[in-house]
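> Data file final35.csv (CSV, C-alpha atoms and all ligand atoms) is appended below.
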chain,number,residue,atom,x,y,z
A,1,MET,CA,15.9,48.3,-44.8
A,2,GLY,CA,19.7,48.0,-45.0
A,3,ARG,CA,21.6,44.8,-45.1
A,4,GLN,CA,24.9,44.8,-43.4
A,5,PHE,CA,27.8,44.6,-45.9
A,6,PHE,CA,29.7,41.3,-45.6
A,7,VAL,CA,33.1,40.4,-46.9
A,8,GLY,CA,34.6,36.9,-46.7
A,9,GLY,CA,38.1,35.9,-47.4
A,10,ASN,CA,38.5,32.4,-48.8
A,11,PHE,CA,42.2,31.4,-48.4
A,12,LYS,CA,41.6,28.1,-50.1
A,13,MET,CA,44.6,25.7,-49.7
A,14,ASN,CA,47.1,28.5,-49.3
A,15,GLY,CA,49.3,29.7,-46.5
A,16,THR,CA,51.7,28.7,-43.8
A,17,VAL,CA,51.7,29.5,-40.1
A,18,LYS,CA,53.9,32.5,-40.9
A,19,SER,CA,52.0,33.9,-43.9
A,20,ILE,CA,48.6,33.4,-42.3
A,21,LYS,CA,49.7,35.3,-39.2
A,22,GLU,CA,50.9,38.1,-41.4
A,23,ILE,CA,47.6,38.3,-43.2
A,24,LEU,CA,45.7,38.3,-39.9
A,25,ASP,CA,48.1,40.9,-38.4
A,26,ASN,CA,47.4,43.1,-41.4
A,27,LEU,CA,43.7,42.9,-40.7
A,28,ASN,CA,44.2,43.3,-36.9
A,29,ASN,CA,46.1,46.6,-37.5
A,30,ALA,CA,44.0,48.0,-40.3
A,31,LYS,CA,41.2,50.5,-40.1
A,32,LEU,CA,38.2,48.4,-41.2
A,33,ASP,CA,34.8,49.8,-42.0
A,34,SER,CA,32.9,49.1,-38.7
A,35,ASN,CA,29.6,48.6,-40.7
A,36,THR,CA,31.1,45.6,-42.6
A,37,GLU,CA,31.0,42.1,-41.3
A,38,VAL,CA,34.3,40.4,-41.9
A,39,VAL,CA,34.9,36.6,-42.0
A,40,VAL,CA,38.1,34.8,-43.0
A,41,ALA,CA,38.3,31.2,-44.0
A,42,PRO,CA,41.8,29.7,-43.7
A,43,PRO,CA,42.5,26.0,-44.3
A,44,SER,CA,41.1,23.8,-41.5
A,45,LEU,CA,44.6,23.2,-40.0
A,46,TYR,CA,44.8,27.0,-39.3
A,47,LEU,CA,41.3,27.6,-38.0
A,48,LEU,CA,42.2,27.7,-34.3
A,49,LEU,CA,45.3,29.7,-35.0
A,50,ALA,CA,43.2,32.2,-36.8
A,51,ARG,CA,40.6,32.4,-34.0
A,52,GLU,CA,43.3,32.9,-31.4
A,53,HIS,CA,45.2,35.5,-33.5
A,54,LEU,CA,42.4,37.6,-35.0
A,55,ARG,CA,41.1,40.5,-33.1
A,56,LYS,CA,37.6,40.5,-31.6
A,57,GLY,CA,34.8,41.4,-34.0
A,58,LEU,CA,36.5,39.6,-37.0
A,59,GLU,CA,35.1,36.1,-37.4
A,60,VAL,CA,36.5,32.8,-38.7
A,61,ALA,CA,34.9,30.4,-41.2
A,62,ALA,CA,35.7,26.8,-42.2
A,63,GLN,CA,35.8,26.1,-45.9
A,64,ASN,CA,33.7,23.0,-45.5
A,65,ILE,CA,32.0,20.7,-43.0
A,66,PHE,CA,30.7,17.2,-42.9
A,67,ASP,CA,26.9,16.6,-42.4
A,68,LYS,CA,27.2,14.3,-39.4
A,69,PRO,CA,27.9,15.4,-35.8
A,70,SER,CA,30.7,12.9,-35.0
A,71,GLY,CA,31.8,9.4,-35.7
A,72,ALA,CA,33.8,7.3,-38.1
A,73,PHE,CA,34.3,9.8,-40.9
A,74,THR,CA,38.1,10.0,-41.4
A,75,GLY,CA,39.4,13.4,-42.5
A,76,GLU,CA,36.1,15.2,-41.8
A,77,ILE,CA,35.1,18.0,-39.4
A,78,SER,CA,31.7,18.6,-37.9
A,79,ALA,CA,29.8,21.7,-37.3
A,80,ASP,CA,29.7,21.0,-33.6
A,81,GLN,CA,33.5,20.7,-33.5
A,82,LEU,CA,33.8,24.1,-35.2
A,83,LYS,CA,31.3,25.7,-32.8
A,84,ASP,CA,33.3,24.1,-29.9
A,85,SER,CA,36.4,25.8,-31.3
A,86,GLY,CA,34.9,29.3,-31.6
A,87,ILE,CA,34.4,29.1,-35.3
A,88,THR,CA,31.1,30.7,-36.2
A,89,TRP,CA,30.8,30.3,-40.0
A,90,THR,CA,31.4,27.9,-42.8
A,91,ILE,CA,31.6,28.2,-46.5
A,92,LEU,CA,29.6,25.5,-48.3
A,93,GLY,CA,29.1,24.5,-51.9
A,94,HIS,CA,32.1,26.2,-53.2
A,95,SER,CA,32.4,25.4,-56.9
A,96,GLU,CA,35.9,23.9,-56.4
A,97,ARG,CA,34.3,21.3,-54.1
A,98,ARG,CA,31.2,20.9,-56.4
A,99,VAL,CA,33.4,20.4,-59.5
A,100,ILE,CA,36.7,18.8,-58.3
A,101,LEU,CA,35.2,16.7,-55.4
A,102,GLN,CA,31.9,16.2,-57.1
A,103,GLU,CA,29.7,17.4,-54.3
A,104,ASP,CA,26.1,17.5,-55.5
A,105,ASP,CA,23.3,19.8,-54.6
A,106,GLN,CA,21.7,17.4,-52.1
A,107,PHE,CA,25.0,16.9,-50.2
A,108,VAL,CA,25.6,20.7,-50.1
A,109,ALA,CA,22.0,21.1,-48.8
A,110,SER,CA,22.4,18.4,-46.2
A,111,LYS,CA,25.6,20.1,-45.0
A,112,THR,CA,23.9,23.5,-44.9
A,113,LYS,CA,21.1,22.1,-42.7
A,114,ALA,CA,23.7,20.4,-40.4
A,115,ALA,CA,25.7,23.7,-40.1
A,116,LEU,CA,22.6,25.8,-39.3
A,117,ASP,CA,21.2,23.2,-36.9
A,118,SER,CA,24.5,23.6,-35.0
A,119,GLY,CA,24.2,27.3,-35.0
A,120,LEU,CA,26.9,28.1,-37.6
A,121,GLY,CA,26.4,30.8,-40.2
A,122,VAL,CA,26.7,29.5,-43.8
A,123,ILE,CA,28.2,31.2,-46.8
A,124,LEU,CA,26.4,29.2,-49.4
A,125,CYS,CA,28.0,29.3,-52.8
A,126,CYS,CA,26.3,29.0,-56.1
A,127,GLY,CA,27.2,29.8,-59.7
A,128,GLU,CA,27.3,28.6,-63.3
A,129,SER,CA,30.0,27.4,-65.6
A,130,LEU,CA,30.9,29.3,-68.8
A,131,GLU,CA,29.2,26.6,-70.8
A,132,GLN,CA,26.0,27.0,-68.8
A,133,ARG,CA,26.1,30.8,-69.1
A,134,GLU,CA,26.5,30.6,-72.9
A,135,ALA,CA,23.6,28.1,-73.1
A,136,GLY,CA,21.4,30.7,-71.3
A,137,LYS,CA,21.1,28.5,-68.2
A,138,THR,CA,22.6,30.8,-65.5
A,139,ILE,CA,19.4,31.4,-63.5
A,140,GLU,CA,18.2,27.9,-63.9
A,141,VAL,CA,21.5,26.5,-62.5
A,142,VAL,CA,21.8,28.9,-59.6
A,143,THR,CA,18.2,28.5,-58.6
A,144,ARG,CA,18.4,24.7,-58.8
A,145,GLN,CA,21.4,24.8,-56.5
A,146,LEU,CA,19.5,27.1,-54.0
A,147,LYS,CA,16.3,25.0,-54.3
A,148,ALA,CA,18.0,21.9,-52.9
A,149,VAL,CA,18.8,24.0,-49.8
A,150,ALA,CA,15.3,25.6,-49.6
A,151,ASP,CA,13.8,22.1,-49.6
A,152,LYS,CA,15.6,21.4,-46.3
A,153,VAL,CA,16.0,24.8,-44.7
A,154,LYS,CA,13.2,27.2,-43.9
A,155,ASP,CA,15.0,29.8,-41.8
A,156,TRP,CA,17.6,31.6,-43.9
A,157,SER,CA,18.5,34.2,-41.3
A,158,LYS,CA,22.0,32.7,-40.9
A,159,VAL,CA,22.6,32.0,-44.6
A,160,VAL,CA,24.6,34.4,-46.8
A,161,VAL,CA,24.4,33.5,-50.5
A,162,ALA,CA,27.6,33.9,-52.5
A,163,TYR,CA,27.0,34.1,-56.3
A,164,GLU,CA,30.3,33.0,-57.9
A,165,PRO,CA,30.3,32.4,-61.6
A,166,ILE,CA,32.8,29.6,-62.1
A,167,TRP,CA,34.3,31.3,-65.2
A,168,ALA,CA,35.2,34.3,-63.0
A,169,ILE,CA,36.9,32.4,-60.1
A,170,GLY,CA,40.6,32.8,-60.1
A,171,THR,CA,40.6,33.8,-63.7
A,172,GLY,CA,41.0,37.5,-63.5
A,173,LYS,CA,37.8,37.7,-65.5
A,174,VAL,CA,35.3,39.5,-63.3
A,175,ALA,CA,31.6,39.6,-64.1
A,176,THR,CA,30.5,43.0,-65.3
A,177,THR,CA,28.5,45.0,-62.8
A,178,GLU,CA,25.4,44.4,-65.0
A,179,GLN,CA,26.0,40.7,-65.2
A,180,ALA,CA,26.4,40.4,-61.4
A,181,GLN,CA,23.5,42.6,-60.6
A,182,GLU,CA,21.2,40.7,-63.0
A,183,VAL,CA,21.9,37.4,-61.2
A,184,HIS,CA,21.7,38.9,-57.7
A,185,LYS,CA,18.3,40.4,-58.5
A,186,ALA,CA,17.1,37.1,-59.9
A,187,ILE,CA,18.3,35.3,-56.7
A,188,ARG,CA,16.4,37.9,-54.6
A,189,GLU,CA,13.3,37.4,-56.6
A,190,TRP,CA,13.6,33.7,-56.3
A,191,LEU,CA,14.0,34.0,-52.5
A,192,LYS,CA,10.8,36.0,-52.4
A,193,LYS,CA,8.9,33.4,-54.4
A,194,GLU,CA,10.4,30.2,-52.9
A,195,VAL,CA,11.4,31.1,-49.4
A,196,SER,CA,9.8,34.2,-47.9
A,197,ASP,CA,9.5,38.0,-48.2
A,198,GLU,CA,11.7,38.2,-45.2
A,199,ALA,CA,14.5,36.0,-46.7
A,200,ALA,CA,14.4,38.1,-49.9
A,201,GLU,CA,14.7,41.3,-47.9
A,202,LYS,CA,17.3,40.3,-45.4
A,203,THR,CA,19.6,37.7,-47.0
A,204,ARG,CA,22.9,39.1,-48.0
A,205,ILE,CA,23.9,38.1,-51.5
A,206,LEU,CA,27.7,38.3,-52.1
A,207,TYR,CA,29.5,38.4,-55.4
A,208,GLY,CA,32.6,36.3,-55.8
A,209,GLY,CA,35.0,35.9,-58.8
A,210,SER,CA,38.2,37.9,-59.3
A,211,VAL,CA,37.2,40.7,-57.0
A,212,THR,CA,40.1,43.1,-56.4
A,213,GLU,CA,40.7,46.5,-54.9
A,214,LYS,CA,40.2,47.9,-58.4
A,215,ASN,CA,36.7,46.6,-59.2
A,216,CYS,CA,35.1,46.3,-55.8
A,217,LYS,CA,33.7,49.8,-55.5
A,218,GLU,CA,31.7,49.7,-58.7
A,219,LEU,CA,30.3,46.2,-57.8
A,220,ALA,CA,29.5,47.4,-54.3
A,221,LYS,CA,27.3,50.1,-55.7
A,222,GLN,CA,24.8,47.6,-57.2
A,223,ALA,CA,21.5,47.4,-55.4
A,224,ASP,CA,21.6,43.7,-54.8
A,225,ILE,CA,25.3,43.2,-54.1
A,226,ASP,CA,25.7,43.1,-50.4
A,227,GLY,CA,29.4,42.2,-50.2
A,228,PHE,CA,32.0,39.8,-51.6
A,229,LEU,CA,33.5,36.4,-51.2
A,230,VAL,CA,37.2,36.9,-52.1
A,231,GLY,CA,39.7,34.3,-53.0
A,232,GLY,CA,43.2,35.3,-54.3
A,233,ALA,CA,42.9,39.0,-53.2
A,234,SER,CA,42.1,38.0,-49.6
A,235,LEU,CA,45.7,36.8,-49.3
A,236,LYS,CA,47.0,40.3,-50.1
A,237,PRO,CA,47.2,43.5,-48.1
A,238,ALA,CA,44.7,45.1,-50.6
A,239,PHE,CA,42.0,42.8,-49.0
A,240,VAL,CA,41.5,45.8,-46.6
A,241,ASP,CA,40.4,48.0,-49.5
A,242,ILE,CA,37.9,45.4,-50.5
A,243,ILE,CA,36.5,45.2,-47.0
A,244,ASN,CA,36.2,49.0,-47.1
A,245,ALA,CA,34.6,49.0,-50.5
A,246,ASN,CA,31.2,50.2,-49.2
A,247,GLU,CA,32.5,53.1,-47.2
B,1,LIG,C1,36.6,32.1,-54.5
B,1,LIG,O1,37.3,31.1,-54.5
B,1,LIG,O2,35.6,32.1,-53.7
B,1,LIG,C2,36.9,33.3,-55.3
B,1,LIG,C3,36.0,34.2,-55.5
B,1,LIG,O3,38.2,33.3,-55.8
B,1,LIG,P1,38.9,34.5,-56.6
B,1,LIG,O4,38.6,35.8,-55.8
B,1,LIG,O5,40.4,34.2,-56.5
B,1,LIG,O6,38.4,34.6,-58.0
Would you write the structure of this file as C-alpha cells?


Amino acid sequence: MGRQFFVGGNFKMNGTVKSIKEILDNLNNAKLDSNTEVVVAPPSLYLLLAREHLRKGLEVAAQNIFDKPSGAFTGEISADQLKDSGITWTILGHSERRVILQEDDQFVASKTKAALDSGLGVILCCGESLEQREAGKTIEVVTRQLKAVADKVKDWSKVVVAYEPIWAIGTGKVATTEQAQEVHKAIREWLKKEVSDEAAEKTRILYGGSVTEKNCKELAKQADIDGFLVGGASLKPAFVDIINANE
C-alpha cells in the first residue's frame, strides 16, 4: 500500500510580508508533483497571509499551538483558532522548541492530543542530539518521545512523524541514507508494536535535517522515507525540486 509523499516547509522565524509572498508565488507558479502533499509553515504572524495567498491544494501549518482551547494564555494560539482561520496542520515538538524553550515529551503529547481533537493534522517531530547518537541512544530517545504521544493518542491517522536528528538540523550535515532509513524503519516497527499494524503501515515518516535539492532524491528512494520536513531550503526556489523529489 502506498503512502502519499509529504513535504513540509518550516520557515521558522524567517521572512517578511514581501519575502513570504515571493516564496508562495514561486510555489503557486511551479509545476508540483500532484502525488505529493505540500504544507508550508510560516511564522504565526503570516499564517493568514499564507492561507489567502497560496493556491488551493497547498496547505498551511502553524509551527506550534497551545494545548488549551482559549483563555488567559498570553502569546499563545489554540488549535481551534487555527482551524477557524483555515489552517489545517501544525508542527509540534520541533527540537528548537524542545531544546531552547524546554518543551518536554508530556507537553508535546498534550499539544498533539489537543491539535488532533480539534481536527488539525500534526507533523510530530522527534530526534536525538549528537551526544545521544554517539552514546547509542538514538532509538531509545526517539521512541521515548513518541511513546508520550502514544499514551494519549490512539488514532494516528492525522499524524505525520518527522524524524529530525538535531545534529543535522541547519548544520549542512545530512544523515546518510542508511542512517535515516535505519531510524525510520525502527520507528515503523515501534508503531507496529506500540500503536497498531494500521498506524505502522499508513503513517508517513518524514526525514528532516539539511535536506536540499541535491540530497533529496537519494533519501526519497528509501523504503521508509515518505517525505521531508525542510527548514532552510524551504525558503529558496529549490524547494520545488525537493517537493518533486519522488517523481
Ligand atoms: C527543520 O528545522 O525542521 C529543519 C529540518 O531544518 P533544516 O532543513 O534547515 O536543517

> By how many Å are CA of Ala186 (chain A) and CA of Ser118 (chain A) apart?

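Computing it gives 29.3 Å between the two atoms.
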
> Between chain A and ligand LIG 1 (chain B), at 8 Å or less, what are the per-residue closest atom pairs and their distances in Å? Count only C-alpha atoms and all ligand atoms, order by chain and rising residue number, and return it as JSON lines.


{"residue": "A:Gly9", "atom": "CA", "partner": "B:LIG1", "partner_atom": "O2", "distance": 7.8}
{"residue": "A:Asn10", "atom": "CA", "partner": "B:LIG1", "partner_atom": "O2", "distance": 5.7}
{"residue": "A:Phe11", "atom": "CA", "partner": "B:LIG1", "partner_atom": "O1", "distance": 7.8}
{"residue": "A:Lys12", "atom": "CA", "partner": "B:LIG1", "partner_atom": "O1", "distance": 6.8}
{"residue": "A:His94", "atom": "CA", "partner": "B:LIG1", "partner_atom": "O2", "distance": 6.9}
{"residue": "A:Ser95", "atom": "CA", "partner": "B:LIG1", "partner_atom": "O1", "distance": 7.9}
{"residue": "A:Glu96", "atom": "CA", "partner": "B:LIG1", "partner_atom": "O1", "distance": 7.6}
{"residue": "A:Glu164", "atom": "CA", "partner": "B:LIG1", "partner_atom": "C3", "distance": 6.3}
{"residue": "A:Ala168", "atom": "CA", "partner": "B:LIG1", "partner_atom": "O6", "distance": 5.9}
{"residue": "A:Ile169", "atom": "CA", "partner": "B:LIG1", "partner_atom": "O6", "distance": 3.4}
{"residue": "A:Gly170", "atom": "CA", "partner": "B:LIG1", "partner_atom": "O6", "distance": 3.5}
{"residue": "A:Thr171", "atom": "CA", "partner": "B:LIG1", "partner_atom": "O6", "distance": 6.2}
{"residue": "A:Gly172", "atom": "CA", "partner": "B:LIG1", "partner_atom": "O6", "distance": 6.7}
{"residue": "A:Val174", "atom": "CA", "partner": "B:LIG1", "partner_atom": "O6", "distance": 7.9}
{"residue": "A:Tyr207", "atom": "CA", "partner": "B:LIG1", "partner_atom": "C3", "distance": 7.7}
{"residue": "A:Gly208", "atom": "CA", "partner": "B:LIG1", "partner_atom": "C3", "distance": 4.0}
{"residue": "A:Gly209", "atom": "CA", "partner": "B:LIG1", "partner_atom": "O6", "distance": 3.7}
{"residue": "A:Ser210", "atom": "CA", "partner": "B:LIG1", "partner_atom": "O6", "distance": 3.6}
{"residue": "A:Val211", "atom": "CA", "partner": "B:LIG1", "partner_atom": "O4", "distance": 5.2}
{"residue": "A:Thr212", "atom": "CA", "partner": "B:LIG1", "partner_atom": "O4", "distance": 7.5}
{"residue": "A:Phe228", "atom": "CA", "partner": "B:LIG1", "partner_atom": "C3", "distance": 7.9}
{"residue": "A:Leu229", "atom": "CA", "partner": "B:LIG1", "partner_atom": "O2", "distance": 5.4}
{"residue": "A:Val230", "atom": "CA", "partner": "B:LIG1", "partner_atom": "O4", "distance": 4.1}
{"residue": "A:Gly231", "atom": "CA", "partner": "B:LIG1", "partner_atom": "O3", "distance": 3.3}
{"residue": "A:Gly232", "atom": "CA", "partner": "B:LIG1", "partner_atom": "O5", "distance": 3.7}
{"residue": "A:Ala233", "atom": "CA", "partner": "B:LIG1", "partner_atom": "O4", "distance": 6.0}
{"residue": "A:Ser234", "atom": "CA", "partner": "B:LIG1", "partner_atom": "O4", "distance": 7.5}

> Do you know which residues are at most 12 Å from Glu22 (chain A) counting all atoms listed in the file, after dropping those on the same chain fewer than 2 positions away, and could you put them as a compact mmCIF listing (two decimals) with C-alpha atoms, keeping the file's coordinate frame?


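Result file part.txt:
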# COMPACT_ATOMS: atom_id res chain seq x y z
CA GLY A 15 49.30 29.70 -46.50
CA THR A 16 51.70 28.70 -43.80
CA VAL A 17 51.70 29.50 -40.10
CA LYS A 18 53.90 32.50 -40.90
CA SER A 19 52.00 33.90 -43.90
CA ILE A 20 48.60 33.40 -42.30
CA LEU A 24 45.70 38.30 -39.90
CA ASP A 25 48.10 40.90 -38.40
CA ASN A 26 47.40 43.10 -41.40
CA LEU A 27 43.70 42.90 -40.70
CA ASN A 28 44.20 43.30 -36.90
CA ASN A 29 46.10 46.60 -37.50
CA LEU A 49 45.30 29.70 -35.00
CA ALA A 50 43.20 32.20 -36.80
CA HIS A 53 45.20 35.50 -33.50
CA LEU A 54 42.40 37.60 -35.00
CA LEU A 235 45.70 36.80 -49.30
CA LYS A 236 47.00 40.30 -50.10
CA PRO A 237 47.20 43.50 -48.10

> Go through A:Gln81, A:Ile187, A:Thr36, A:Gly57 and flag the residue nearest Cys126 (chain A), using all atoms listed in the file for the distances.

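When distances to Cys126 (chain A) are compared using all atoms listed in the file, the smallest one comes from A:Ile187.
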
> Calculated over all atoms listed in the file, which of the candidates A:Val99, A:Val159, A:Leu116, A:Ile123 has the smallest distance to Ala62 (chain A)?

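Comparing A:Val99, A:Val159, A:Leu116, A:Ile123 against Ala62 (chain A), the winner is A:Ile123.
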
> Could you complete region 78-97 of chain A so that it carries N, CA, C and O atoms, and give it back as a PDB file, in the coordinates of the input?


ATOM      1  N   SER A  78      33.099  18.268 -38.068  1.00  0.00           N
ATOM      2  CA  SER A  78      31.700  18.600 -37.900  1.00  0.00           C
ATOM      3  C   SER A  78      31.408  20.003 -37.533  1.00  0.00           C
ATOM      4  O   SER A  78      32.297  20.699 -37.005  1.00  0.00           O
ATOM      5  N   ALA A  79      30.169  20.400 -37.741  1.00  0.00           N
ATOM      6  CA  ALA A  79      29.800  21.700 -37.300  1.00  0.00           C
ATOM      7  C   ALA A  79      29.889  21.919 -35.820  1.00  0.00           C
ATOM      8  O   ALA A  79      30.319  22.974 -35.343  1.00  0.00           O
ATOM      9  N   ASP A  80      29.553  20.870 -35.066  1.00  0.00           N
ATOM     10  CA  ASP A  80      29.700  21.000 -33.600  1.00  0.00           C
ATOM     11  C   ASP A  80      31.113  21.188 -33.174  1.00  0.00           C
ATOM     12  O   ASP A  80      31.388  21.936 -32.238  1.00  0.00           O
ATOM     13  N   GLN A  81      32.050  20.517 -33.860  1.00  0.00           N
ATOM     14  CA  GLN A  81      33.500  20.700 -33.500  1.00  0.00           C
ATOM     15  C   GLN A  81      33.919  22.125 -33.815  1.00  0.00           C
ATOM     16  O   GLN A  81      34.706  22.711 -33.068  1.00  0.00           O
ATOM     17  N   LEU A  82      33.415  22.674 -34.896  1.00  0.00           N
ATOM     18  CA  LEU A  82      33.800  24.100 -35.200  1.00  0.00           C
ATOM     19  C   LEU A  82      33.215  25.006 -34.147  1.00  0.00           C
ATOM     20  O   LEU A  82      33.932  25.869 -33.633  1.00  0.00           O
ATOM     21  N   LYS A  83      31.957  24.815 -33.801  1.00  0.00           N
ATOM     22  CA  LYS A  83      31.300  25.700 -32.800  1.00  0.00           C
ATOM     23  C   LYS A  83      32.156  25.571 -31.469  1.00  0.00           C
ATOM     24  O   LYS A  83      32.438  26.580 -30.822  1.00  0.00           O
ATOM     25  N   ASP A  84      32.546  24.344 -31.115  1.00  0.00           N
ATOM     26  CA  ASP A  84      33.300  24.100 -29.900  1.00  0.00           C
ATOM     27  C   ASP A  84      34.648  24.863 -29.917  1.00  0.00           C
ATOM     28  O   ASP A  84      35.190  25.204 -28.864  1.00  0.00           O
ATOM     29  N   SER A  85      35.148  25.139 -31.121  1.00  0.00           N
ATOM     30  CA  SER A  85      36.400  25.800 -31.300  1.00  0.00           C
ATOM     31  C   SER A  85      36.313  27.306 -31.515  1.00  0.00           C
ATOM     32  O   SER A  85      37.297  27.973 -31.849  1.00  0.00           O
ATOM     33  N   GLY A  86      35.104  27.824 -31.393  1.00  0.00           N
ATOM     34  CA  GLY A  86      34.900  29.300 -31.600  1.00  0.00           C
ATOM     35  C   GLY A  86      34.811  29.707 -33.014  1.00  0.00           C
ATOM     36  O   GLY A  86      34.931  30.893 -33.326  1.00  0.00           O
ATOM     37  N   ILE A  87      34.590  28.752 -33.897  1.00  0.00           N
ATOM     38  CA  ILE A  87      34.400  29.100 -35.300  1.00  0.00           C
ATOM     39  C   ILE A  87      32.944  29.251 -35.586  1.00  0.00           C
ATOM     40  O   ILE A  87      32.156  28.353 -35.280  1.00  0.00           O
ATOM     41  N   THR A  88      32.568  30.375 -36.154  1.00  0.00           N
ATOM     42  CA  THR A  88      31.100  30.700 -36.200  1.00  0.00           C
ATOM     43  C   THR A  88      30.505  30.578 -37.599  1.00  0.00           C
ATOM     44  O   THR A  88      29.284  30.682 -37.736  1.00  0.00           O
ATOM     45  N   TRP A  89      31.347  30.402 -38.613  1.00  0.00           N
ATOM     46  CA  TRP A  89      30.800  30.300 -40.000  1.00  0.00           C
ATOM     47  C   TRP A  89      31.445  29.155 -40.740  1.00  0.00           C
ATOM     48  O   TRP A  89      32.519  28.682 -40.376  1.00  0.00           O
ATOM     49  N   THR A  90      30.788  28.752 -41.804  1.00  0.00           N
ATOM     50  CA  THR A  90      31.400  27.900 -42.800  1.00  0.00           C
ATOM     51  C   THR A  90      30.991  28.254 -44.186  1.00  0.00           C
ATOM     52  O   THR A  90      29.851  28.681 -44.404  1.00  0.00           O
ATOM     53  N   ILE A  91      31.938  28.145 -45.104  1.00  0.00           N
ATOM     54  CA  ILE A  91      31.600  28.200 -46.500  1.00  0.00           C
ATOM     55  C   ILE A  91      31.067  26.839 -46.900  1.00  0.00           C
ATOM     56  O   ILE A  91      31.568  25.831 -46.400  1.00  0.00           O
ATOM     57  N   LEU A  92      30.053  26.773 -47.741  1.00  0.00           N
ATOM     58  CA  LEU A  92      29.600  25.500 -48.300  1.00  0.00           C
ATOM     59  C   LEU A  92      29.257  25.604 -49.737  1.00  0.00           C
ATOM     60  O   LEU A  92      28.847  26.682 -50.196  1.00  0.00           O
ATOM     61  N   GLY A  93      29.452  24.504 -50.453  1.00  0.00           N
ATOM     62  CA  GLY A  93      29.100  24.500 -51.900  1.00  0.00           C
ATOM     63  C   GLY A  93      29.972  25.266 -52.784  1.00  0.00           C
ATOM     64  O   GLY A  93      29.560  25.656 -53.887  1.00  0.00           O
ATOM     65  N   HIS A  94      31.222  25.514 -52.345  1.00  0.00           N
ATOM     66  CA  HIS A  94      32.100  26.200 -53.200  1.00  0.00           C
ATOM     67  C   HIS A  94      32.290  25.436 -54.538  1.00  0.00           C
ATOM     68  O   HIS A  94      32.335  24.202 -54.512  1.00  0.00           O
ATOM     69  N   SER A  95      32.404  26.130 -55.648  1.00  0.00           N
ATOM     70  CA  SER A  95      32.400  25.400 -56.900  1.00  0.00           C
ATOM     71  C   SER A  95      33.642  24.493 -57.043  1.00  0.00           C
ATOM     72  O   SER A  95      33.577  23.480 -57.757  1.00  0.00           O
ATOM     73  N   GLU A  96      34.737  24.838 -56.352  1.00  0.00           N
ATOM     74  CA  GLU A  96      35.900  23.900 -56.400  1.00  0.00           C
ATOM     75  C   GLU A  96      35.529  22.573 -55.781  1.00  0.00           C
ATOM     76  O   GLU A  96      35.980  21.530 -56.236  1.00  0.00           O
ATOM     77  N   ARG A  97      34.701  22.597 -54.755  1.00  0.00           N
ATOM     78  CA  ARG A  97      34.300  21.300 -54.100  1.00  0.00           C
ATOM     79  C   ARG A  97      33.178  20.676 -55.018  1.00  0.00           C
ATOM     80  O   ARG A  97      33.149  19.468 -55.171  1.00  0.00           O
TER      81      ARG A  97
END
